[in-house]
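Data first, discussion second: the structure below is written as structure tokens.
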Amino acid sequence: MDNSLFNTSAIERKADNVYTTLLHDELVIMDAVSGEYVTLNPIARVIWDQLERPIHLEDLITRLISIYDVTEEICREETLRFLSKNLFKII
């Protein structure tokens with residue numbers, strides 16, 4: 001995903017054809033259209049939870065930095081990597 005798209009747009013998780021289930025302490029997400037699935041560790045799950053409603057990337061980064069001891073650069077890089085999965089939409 002292009003970082004510039006997030007500067008003025010909000011992001012949220014896809015609701016259509018995406019199914020989730022808890023498996024131990026991880027969240028498993030499956031896209032019923034593509035058949036792809038991902039398993040989210042506890043940190044990725046926090047991002048998933050934050051995207052229940054539309055949010056701007058900068059606000060998401062700020063929230064994550066307030067929760068975790070991480071630099072803005074690393075937080076942004078890892079968050080963008082996670083958002084590159086086809087489970088989110090830009091609105």
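In the structure tokens, chains take the letters A, B, ... in the order shown, each chain's residues start at 1, and ligands count up from 1 in the order shown.
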
I'd like a table as a Markdown table: residues in stretch 34-91 of chain A with an atom no more than 8 Å from stretch 10-21 of chain A, each row giving the shortest atom pair and its distance in Å to one decimal, only C-alpha atoms counted, sorted by chain and rising residue number.
| residue | atom | partner | partner_atom | distance |
| --- | --- | --- | --- | --- |
| A:Trp48 | CA | A:Arg13 | CA | 7.1 |
| A:Leu51 | CA | A:Glu12 | CA | 4.7 |
| A:Glu52 | CA | A:Arg13 | CA | 6.2 |
| A:Arg53 | CA | A:Glu12 | CA | 5.8 |
| A:Pro54 | CA | A:Glu12 | CA | 4.6 |
| A:Ile55 | CA | A:Ala10 | CA | 4.9 |
| A:His56 | CA | A:Ala10 | CA | 4.3 |
| A:Leu57 | CA | A:Ala10 | CA | 6.8 |
| A:Leu87 | CA | A:Lys14 | CA | 5.6 |
| A:Phe88 | CA | A:Arg13 | CA | 4.2 |
| A:Lys89 | CA | A:Glu12 | CA | 5.6 |
| A:Ile90 | CA | A:Ile11 | CA | 4.6 |
| A:Ile91 | CA | A:Ala10 | CA | 5.4 |

Could you save the residues just selected, with all heavy atoms, as a short mmCIF file (atom, residue, chain, number, x, y, z; two decimals), in the first residue's frame?
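out_24.cif, written as the output of this step:
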data_model
loop_
_atom_site.label_atom_id
_atom_site.label_comp_id
_atom_site.auth_asym_id
_atom_site.auth_seq_id
_atom_site.Cartn_x
_atom_site.Cartn_y
_atom_site.Cartn_z
N TRP A 48 -5.90 -4.62 14.36
CA TRP A 48 -7.19 -5.06 13.83
C TRP A 48 -8.34 -4.44 14.61
O TRP A 48 -9.30 -3.94 14.05
CB TRP A 48 -7.26 -6.59 13.87
CG TRP A 48 -8.55 -7.17 13.39
CD1 TRP A 48 -9.56 -7.64 14.17
CD2 TRP A 48 -8.97 -7.35 12.04
NE1 TRP A 48 -10.58 -8.10 13.38
CE2 TRP A 48 -10.24 -7.95 12.07
CE3 TRP A 48 -8.38 -7.09 10.80
CZ2 TRP A 48 -10.95 -8.27 10.92
CZ3 TRP A 48 -9.09 -7.40 9.66
CH2 TRP A 48 -10.35 -7.98 9.72
N LEU A 51 -9.04 -0.84 13.89
CA LEU A 51 -9.61 -0.59 12.56
C LEU A 51 -11.07 -1.01 12.45
O LEU A 51 -11.60 -1.11 11.35
CB LEU A 51 -8.76 -1.27 11.49
CG LEU A 51 -7.35 -0.72 11.38
CD1 LEU A 51 -6.50 -1.60 10.48
CD2 LEU A 51 -7.36 0.71 10.88
N GLU A 52 -11.71 -1.22 13.57
CA GLU A 52 -13.13 -1.56 13.54
C GLU A 52 -13.93 -0.39 12.96
O GLU A 52 -14.93 -0.59 12.28
CB GLU A 52 -13.63 -1.88 14.95
CG GLU A 52 -15.09 -2.28 14.98
CD GLU A 52 -15.54 -2.70 16.35
OE1 GLU A 52 -14.79 -2.57 17.33
OE2 GLU A 52 -16.68 -3.18 16.45
N ARG A 53 -13.48 0.81 13.24
CA ARG A 53 -14.07 2.03 12.69
C ARG A 53 -13.00 2.73 11.86
O ARG A 53 -11.80 2.57 12.13
CB ARG A 53 -14.54 2.95 13.81
CG ARG A 53 -15.68 2.36 14.59
CD ARG A 53 -16.20 3.34 15.63
NE ARG A 53 -17.31 2.78 16.37
CZ ARG A 53 -17.19 1.99 17.42
NH1 ARG A 53 -16.00 1.67 17.87
NH2 ARG A 53 -18.26 1.52 18.04
N PRO A 54 -13.40 3.55 10.89
CA PRO A 54 -12.40 4.26 10.09
C PRO A 54 -11.45 5.09 10.97
O PRO A 54 -11.89 5.72 11.94
CB PRO A 54 -13.25 5.17 9.20
CG PRO A 54 -14.57 4.49 9.12
CD PRO A 54 -14.77 3.84 10.46
N ILE A 55 -10.18 5.08 10.61
CA ILE A 55 -9.17 5.83 11.34
C ILE A 55 -8.09 6.26 10.35
O ILE A 55 -7.78 5.53 9.40
CB ILE A 55 -8.58 4.99 12.50
CG1 ILE A 55 -7.64 5.82 13.36
CG2 ILE A 55 -7.89 3.75 11.97
CD1 ILE A 55 -7.18 5.11 14.63
N HIS A 56 -7.53 7.43 10.56
CA HIS A 56 -6.42 7.90 9.73
C HIS A 56 -5.14 7.23 10.20
O HIS A 56 -4.98 6.94 11.39
CB HIS A 56 -6.28 9.42 9.84
CG HIS A 56 -7.41 10.13 9.18
ND1 HIS A 56 -7.43 10.44 7.84
CD2 HIS A 56 -8.59 10.58 9.66
CE1 HIS A 56 -8.55 11.05 7.53
NE2 HIS A 56 -9.29 11.14 8.63
N LEU A 57 -4.24 7.00 9.27
CA LEU A 57 -2.99 6.32 9.59
C LEU A 57 -2.25 7.03 10.72
O LEU A 57 -1.75 6.38 11.64
CB LEU A 57 -2.10 6.23 8.35
CG LEU A 57 -0.72 5.59 8.58
CD1 LEU A 57 -0.85 4.15 9.01
CD2 LEU A 57 0.13 5.71 7.34
N LEU A 87 -6.94 -7.09 3.70
CA LEU A 87 -8.03 -7.20 4.67
C LEU A 87 -8.59 -5.84 5.05
O LEU A 87 -9.46 -5.74 5.90
CB LEU A 87 -7.52 -7.90 5.94
CG LEU A 87 -7.01 -9.31 5.75
CD1 LEU A 87 -6.33 -9.80 7.02
CD2 LEU A 87 -8.16 -10.23 5.38
N PHE A 88 -8.08 -4.81 4.40
CA PHE A 88 -8.44 -3.45 4.77
C PHE A 88 -8.85 -2.66 3.55
O PHE A 88 -8.50 -2.99 2.43
CB PHE A 88 -7.24 -2.78 5.45
CG PHE A 88 -6.68 -3.62 6.55
CD1 PHE A 88 -5.59 -4.44 6.34
CD2 PHE A 88 -7.29 -3.63 7.78
CE1 PHE A 88 -5.10 -5.25 7.34
CE2 PHE A 88 -6.81 -4.44 8.80
CZ PHE A 88 -5.72 -5.26 8.58
N LYS A 89 -9.58 -1.59 3.80
CA LYS A 89 -9.98 -0.72 2.69
C LYS A 89 -9.72 0.73 3.07
O LYS A 89 -9.78 1.10 4.24
CB LYS A 89 -11.43 -0.94 2.31
CG LYS A 89 -12.43 -0.68 3.42
CD LYS A 89 -13.84 -1.03 2.97
CE LYS A 89 -14.81 -0.88 4.13
NZ LYS A 89 -16.17 -1.26 3.74
N ILE A 90 -9.41 1.51 2.05
CA ILE A 90 -9.20 2.94 2.23
C ILE A 90 -10.50 3.62 1.86
O ILE A 90 -11.10 3.34 0.82
CB ILE A 90 -8.05 3.42 1.31
CG1 ILE A 90 -6.76 2.71 1.69
CG2 ILE A 90 -7.91 4.95 1.42
CD1 ILE A 90 -5.64 2.95 0.74
N ILE A 91 -10.96 4.50 2.75
CA ILE A 91 -12.23 5.18 2.48
C ILE A 91 -12.04 6.69 2.47
O ILE A 91 -11.05 7.19 2.92
CB ILE A 91 -13.31 4.77 3.49
CG1 ILE A 91 -12.81 4.98 4.91
CG2 ILE A 91 -13.69 3.33 3.28
CD1 ILE A 91 -13.88 4.80 5.94
#

*Within 9 Å of stretch 62-71 of chain A using only C-alpha atoms, minus same-chain residues under 3 positions, as a PyMOL selection string*: chain A and resi 46-47+50+57-59+74-76

Non-local contacts of stretch 36-45 of chain A (7 Å; only C-alpha atoms; under 5 positions in same chain excluded) as a short mmCIF file (atom, residue, chain, number, x, y, z; two decimals) with all heavy atoms, in the first residue's frame:
data_model
loop_
_atom_site.label_atom_id
_atom_site.label_comp_id
_atom_site.auth_asym_id
_atom_site.auth_seq_id
_atom_site.Cartn_x
_atom_site.Cartn_y
_atom_site.Cartn_z
N GLU A 26 -4.46 -16.13 19.53
CA GLU A 26 -4.32 -15.51 18.22
C GLU A 26 -5.67 -15.42 17.53
O GLU A 26 -6.57 -16.23 17.79
CB GLU A 26 -3.35 -16.30 17.35
CG GLU A 26 -1.94 -16.31 17.92
CD GLU A 26 -0.98 -17.09 17.06
OE1 GLU A 26 -1.39 -18.09 16.44
OE2 GLU A 26 0.19 -16.69 17.00
N LEU A 27 -5.79 -14.44 16.66
CA LEU A 27 -7.00 -14.26 15.87
C LEU A 27 -6.71 -14.74 14.46
O LEU A 27 -5.73 -14.32 13.84
CB LEU A 27 -7.41 -12.78 15.85
CG LEU A 27 -8.71 -12.45 15.16
CD1 LEU A 27 -9.90 -13.03 15.94
CD2 LEU A 27 -8.87 -10.94 15.00
N VAL A 28 -7.54 -15.63 13.95
CA VAL A 28 -7.40 -16.12 12.58
C VAL A 28 -8.46 -15.42 11.74
O VAL A 28 -9.63 -15.39 12.09
CB VAL A 28 -7.59 -17.65 12.52
CG1 VAL A 28 -7.47 -18.15 11.08
CG2 VAL A 28 -6.57 -18.35 13.41
N ILE A 29 -8.01 -14.84 10.62
CA ILE A 29 -8.89 -14.12 9.73
C ILE A 29 -8.83 -14.79 8.37
O ILE A 29 -7.75 -15.06 7.84
CB ILE A 29 -8.45 -12.65 9.59
CG1 ILE A 29 -8.41 -11.98 10.95
CG2 ILE A 29 -9.36 -11.90 8.63
CD1 ILE A 29 -7.79 -10.61 10.93
N MET A 30 -10.01 -15.03 7.78
CA MET A 30 -10.06 -15.64 6.45
C MET A 30 -10.89 -14.77 5.52
O MET A 30 -11.98 -14.32 5.89
CB MET A 30 -10.68 -17.02 6.49
CG MET A 30 -10.62 -17.71 5.13
SD MET A 30 -11.32 -19.35 5.17
CE MET A 30 -12.78 -19.09 4.21
N ASP A 31 -10.35 -14.52 4.35
CA ASP A 31 -11.07 -13.82 3.29
C ASP A 31 -11.76 -14.90 2.46
O ASP A 31 -11.10 -15.69 1.78
CB ASP A 31 -10.10 -13.01 2.43
CG ASP A 31 -10.78 -12.22 1.34
OD1 ASP A 31 -11.85 -12.65 0.85
OD2 ASP A 31 -10.23 -11.16 0.96
#

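Assigned to strand (DSSP E) in chain A, given DSSP computed from backbone atoms, are Ala10, Ile11, Glu12, Arg13, Val18, Tyr19, Thr20, Thr21, Leu22, Leu23, Glu26, Leu27, Val28, Ile29, Met30, Asp31, Tyr37, Val38, Thr39, Leu40, Ile55, His56, Phe88, Lys89 and Ile90 of chain A.
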
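Distance-wise, atom CA of A:Phe82 and atom CA of A:Ser9 end up 17.0 Å apart.
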
*as a PyMOL selection string, please: all residues of stretch 5-64 of chain A that backbone DSSP puts in helix (DSSP H, G or I).*
chain A and resi 5-7+42-50+57-64
